[in-house]
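Have a look at the structure below, then the notes.
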2 protein chains.
Amino acid sequence: MKQYVFGADIGGTTVKLGFFTSEGELLEKWEITTRKDEGGRFILSDVADSIKAKIAEKELEKDSVAGVGIGVPGPVKDDGTVLGCVNLGWGEFNVEKEAEKLLELPVKVGNDANMASLGEMWQGGGKGYQSIIMVTLGTGVGGGIIMNGKMLYGTNGAGGEIGHICVDESETEVCGCGKKGCLEQYTSATGITRMAVSELNNTDRPSKLRSVQYMSAKEVFDAAKDGDELALELVEKHGKILGKALASIACVCDPEAFVIGGGVSRAGDILINTTAKYYQQYVFHACKNTKFELASLGNDAGIYGCAEAILTK
Amino acid sequence: MKQYVFGADIGGTTVKLGFFTSEGELLEKWEITTRKDEGGRFILSDVADSIKAKIAEKELEKDSVAGVGIGVPGPVKDDGTVLGCVNLGWGEFNVEKEAEKLLELPVKVGNDANMASLGEMWQGGGKGYQSIIMVTLGTGVGGGIIMNGKMLYGTNGAGGEIGHICVDESETEVCGCGKKGCLEQYTSATGITRMAVSELNNTDRPSKLRSVQYMSAKEVFDAAKDGDELALELVEKHGKILGKALASIACVCDPEAFVIGGGVSRAGDILINTTAKYYQQYVFHACKNTKFELASLGNDAGIYGCAEAILTK
């Protein structure tokens, strides 16, 4: 009887670990340091040792553990091959096989953004849906696509890389990916901050934002909630670019819901309502009832998703 | 031993039927009239009678038949529920269950464009791939998305409805879907014809196309192949709009290949090369090696896909 499952979300600084029941209750979570020495060769064994120690501490029968899901910050193929994780020092190798050897348990490896999506669908903002697209508005814009309960990884591990859809050909600044006009240049936390700074520098319109010392997405959304006209316009522009892009994506995958997470999503209803308004303006009629939800697991979404990935492997 | 399988591609005028080996060899094909009287209530029983007659004629053991795949011209949910087929007179009902009762065989129902995609992947331009996006450039623009061998139907049966991605907000003419600026307004056969007529009417540039009696996508591509400057520009514009849209779609689903079919695809290499050129200009780096293939089954793609749908049900 497989009653328990582990999740390990490997980040550039720490590995977040979670011990769950197979029903999705988080029994315990902890962190270990991501040891990046020597090309990151100790990371997987550190994870394995930590989980084995937890299994011993809890005196779990090996048969009661369904396995370990692992999230990594880079593209991952369906078979568990990681195509390089710059932040960890890793090149290309099959992390799944390597971790299975170390743990002597079933392992499922996935991209961290994808794992977070799976977590949100299992126990977060996407709970109850079978097909969602998770949109993470953080430093960049990430995405995770789950159709009928299964993650869409993509041929090159680029499934759900919606941040790099070109939305403005006339852009002159370069995106981190090397192209110009990517969705994340406008709709990430960095993106809306960039739009705000540009608007303040290029006009002399009055705005509360002029007195802000450190500009951020939060400052923009807070000023908009306070009725600041310039901030409201930025929020409308943000919602229009995002809503229109999600309308295009709906014509491709037709999910039940979009689940919006990442730092920007803390803006809450104003973000969801503005995005949904423009989504309605651009979307194909068959997809007009697609739901918009806020993510709810925050930084734990990854470990939840890792656990769920094993249960649905 | 399931050696045989049937496909039935229901169109507004005729039903195309195919009798296949389970290895994908088309042994026989035939057509019956689509009887649309009384809300199309006889269509499914006509299909069932025709297939039963073929089974009797060929003296097939019932156990040797894997089932019947059925393609219909409208949105279909994963469970076989058709959400209305205007061209047949059908409202909403579960075609799969109904057909299984009539045929006493397993049935899988899908949208006709999706079935054609599955057919092209099985025995056509997408053969050998596991994940393709089929792009049908006909009167409209249809799409079919197959990931890891499975059709992506979408929550509302709108998976792959890529023709209705908004690509030009400044468009003044209305698309069949009621919106403005949809991909199919430019890249379908009708779309490129419309662009040609508009360019000829709004300029007095010289072009061979001025002497064409009935403008069509074929005339435009043929003139471009002959070096006509205006036609070449139209083909470039067509390729840019299509290539850019497919680059966006690659950021969502990351397929191994795009398979281009429909009447416009008869233009051949010039279409593929132009589209691929602009795709490269806009695509996320991880997806730069995605292949472009021409569809090869023509009007038989549907029955092939219906047969394959049963084998992978």
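Each chain in the structure tokens gets a letter, A, B and so on, in the order shown; residues start at 1 in every chain, and ligands are counted from 1 in the order they appear.
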
Each residue of chain B with at least one atom at most 7 Å from chain A should appear once, together with its nearest atom pair and the corresponding distance in Å (one decimal); atoms considered: only C-alpha atoms; ordering: chain, then increasing residue number; output as JSON lines.
```
{"residue": "B:Gly154", "atom": "CA", "partner": "A:Asp254", "partner_atom": "CA", "distance": 4.6}
{"residue": "B:Thr155", "atom": "CA", "partner": "A:Asp254", "partner_atom": "CA", "distance": 5.6}
{"residue": "B:Asn156", "atom": "CA", "partner": "A:Ala286", "partner_atom": "CA", "distance": 6.2}
{"residue": "B:Ala158", "atom": "CA", "partner": "A:Asp254", "partner_atom": "CA", "distance": 5.8}
{"residue": "B:Gly159", "atom": "CA", "partner": "A:Cys253", "partner_atom": "CA", "distance": 4.8}
{"residue": "B:Gly160", "atom": "CA", "partner": "A:Val252", "partner_atom": "CA", "distance": 4.6}
{"residue": "B:Glu161", "atom": "CA", "partner": "A:Cys251", "partner_atom": "CA", "distance": 5.0}
{"residue": "B:Ile162", "atom": "CA", "partner": "A:Cys251", "partner_atom": "CA", "distance": 5.3}
{"residue": "B:His164", "atom": "CA", "partner": "A:Phe284", "partner_atom": "CA", "distance": 6.1}
{"residue": "B:Ile165", "atom": "CA", "partner": "A:Ser248", "partner_atom": "CA", "distance": 4.8}
{"residue": "B:Cys166", "atom": "CA", "partner": "A:Ser248", "partner_atom": "CA", "distance": 6.7}
{"residue": "B:Ser248", "atom": "CA", "partner": "A:Ile165", "partner_atom": "CA", "distance": 4.8}
{"residue": "B:Cys251", "atom": "CA", "partner": "A:Glu161", "partner_atom": "CA", "distance": 5.0}
{"residue": "B:Val252", "atom": "CA", "partner": "A:Gly160", "partner_atom": "CA", "distance": 4.6}
{"residue": "B:Cys253", "atom": "CA", "partner": "A:Gly159", "partner_atom": "CA", "distance": 4.8}
{"residue": "B:Asp254", "atom": "CA", "partner": "A:Gly154", "partner_atom": "CA", "distance": 4.6}
{"residue": "B:Pro255", "atom": "CA", "partner": "A:Thr155", "partner_atom": "CA", "distance": 5.6}
{"residue": "B:Glu256", "atom": "CA", "partner": "A:Thr155", "partner_atom": "CA", "distance": 5.7}
{"residue": "B:Tyr282", "atom": "CA", "partner": "A:Cys166", "partner_atom": "CA", "distance": 6.9}
{"residue": "B:Phe284", "atom": "CA", "partner": "A:His164", "partner_atom": "CA", "distance": 6.1}
{"residue": "B:Ala286", "atom": "CA", "partner": "A:Asn156", "partner_atom": "CA", "distance": 6.2}
{"residue": "B:Cys287", "atom": "CA", "partner": "A:Asn156", "partner_atom": "CA", "distance": 6.5}
```

Strand (DSSP E) per DSSP on the backbone: members of stretch 125-233 of chain A, as a list in words: Ile132, Ile133, Met134, Val135, Thr136, Leu137, Val141, Gly142, Gly143, Gly144, Ile145, Ile146, Met147, Lys150 and Met151 of chain A

Let me see the file: selected residues, N, CA and C atoms, as a PDB file, in the first residue's frame.
```
ATOM      1  N   ILE A 132      -5.299  22.461 -17.153  1.00  0.00           N
ATOM      2  CA  ILE A 132      -5.054  23.867 -16.843  1.00  0.00           C
ATOM      3  C   ILE A 132      -3.779  24.350 -17.535  1.00  0.00           C
ATOM      4  N   ILE A 133      -3.701  25.650 -17.669  1.00  0.00           N
ATOM      5  CA  ILE A 133      -2.427  26.263 -18.028  1.00  0.00           C
ATOM      6  C   ILE A 133      -2.060  27.188 -16.880  1.00  0.00           C
ATOM      7  N   MET A 134      -0.903  26.876 -16.274  1.00  0.00           N
ATOM      8  CA  MET A 134      -0.401  27.691 -15.184  1.00  0.00           C
ATOM      9  C   MET A 134       0.477  28.777 -15.787  1.00  0.00           C
ATOM     10  N   VAL A 135       0.242  30.006 -15.369  1.00  0.00           N
ATOM     11  CA  VAL A 135       1.006  31.145 -15.868  1.00  0.00           C
ATOM     12  C   VAL A 135       1.721  31.758 -14.668  1.00  0.00           C
ATOM     13  N   THR A 136       3.046  31.685 -14.664  1.00  0.00           N
ATOM     14  CA  THR A 136       3.810  32.194 -13.528  1.00  0.00           C
ATOM     15  C   THR A 136       4.430  33.536 -13.895  1.00  0.00           C
ATOM     16  N   LEU A 137       3.904  34.599 -13.249  1.00  0.00           N
ATOM     17  CA  LEU A 137       4.390  35.946 -13.524  1.00  0.00           C
ATOM     18  C   LEU A 137       5.379  36.324 -12.436  1.00  0.00           C
ATOM     19  N   VAL A 141       8.354  35.103 -17.231  1.00  0.00           N
ATOM     20  CA  VAL A 141       7.019  34.518 -17.328  1.00  0.00           C
ATOM     21  C   VAL A 141       7.196  33.057 -17.714  1.00  0.00           C
ATOM     22  N   GLY A 142       6.749  32.172 -16.848  1.00  0.00           N
ATOM     23  CA  GLY A 142       6.831  30.745 -17.132  1.00  0.00           C
ATOM     24  C   GLY A 142       5.440  30.192 -17.334  1.00  0.00           C
ATOM     25  N   GLY A 143       5.380  28.992 -17.819  1.00  0.00           N
ATOM     26  CA  GLY A 143       4.078  28.378 -18.010  1.00  0.00           C
ATOM     27  C   GLY A 143       4.178  26.892 -17.822  1.00  0.00           C
ATOM     28  N   GLY A 144       3.077  26.274 -17.498  1.00  0.00           N
ATOM     29  CA  GLY A 144       3.036  24.825 -17.397  1.00  0.00           C
ATOM     30  C   GLY A 144       1.688  24.380 -17.915  1.00  0.00           C
ATOM     31  N   ILE A 145       1.700  23.413 -18.799  1.00  0.00           N
ATOM     32  CA  ILE A 145       0.457  22.993 -19.440  1.00  0.00           C
ATOM     33  C   ILE A 145       0.132  21.580 -19.008  1.00  0.00           C
ATOM     34  N   ILE A 146      -1.047  21.403 -18.436  1.00  0.00           N
ATOM     35  CA  ILE A 146      -1.489  20.080 -18.025  1.00  0.00           C
ATOM     36  C   ILE A 146      -2.793  19.791 -18.745  1.00  0.00           C
ATOM     37  N   MET A 147      -2.772  18.738 -19.536  1.00  0.00           N
ATOM     38  CA  MET A 147      -3.962  18.364 -20.290  1.00  0.00           C
ATOM     39  C   MET A 147      -4.404  16.986 -19.814  1.00  0.00           C
ATOM     40  N   LYS A 150      -2.117  15.245 -17.399  1.00  0.00           N
ATOM     41  CA  LYS A 150      -0.744  14.938 -17.808  1.00  0.00           C
ATOM     42  C   LYS A 150      -0.025  16.216 -18.223  1.00  0.00           C
ATOM     43  N   MET A 151       1.199  16.337 -17.754  1.00  0.00           N
ATOM     44  CA  MET A 151       2.052  17.460 -18.124  1.00  0.00           C
ATOM     45  C   MET A 151       2.430  17.387 -19.597  1.00  0.00           C
TER      46      MET A 151
END
```

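In this comparison, chain B was overlaid on chain A using all C-alpha atoms paired by position, and the resulting RMSD is 0.0 Å.
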
Alpha helix (DSSP H) residues, from DSSP on the backbone, in stretch 2-128 of chain B, as number ranges by chain: B: 37-40, 43-57, 95-103, 112-123

Compare B:Asp63, B:Leu44, B:Ile55, B:Ala113 by their minimum atom-to-atom distance to B:Trp90, counting only C-alpha atoms, and give me the closest one. B:Leu44

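One distance worth recording is that between atom CA of A:Gly305 and atom CA of A:Leu103, which is 18.9 Å.
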
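We find atom CA of B:Gly149 and atom CA of B:Phe20 to be spaced 19.1 Å apart.
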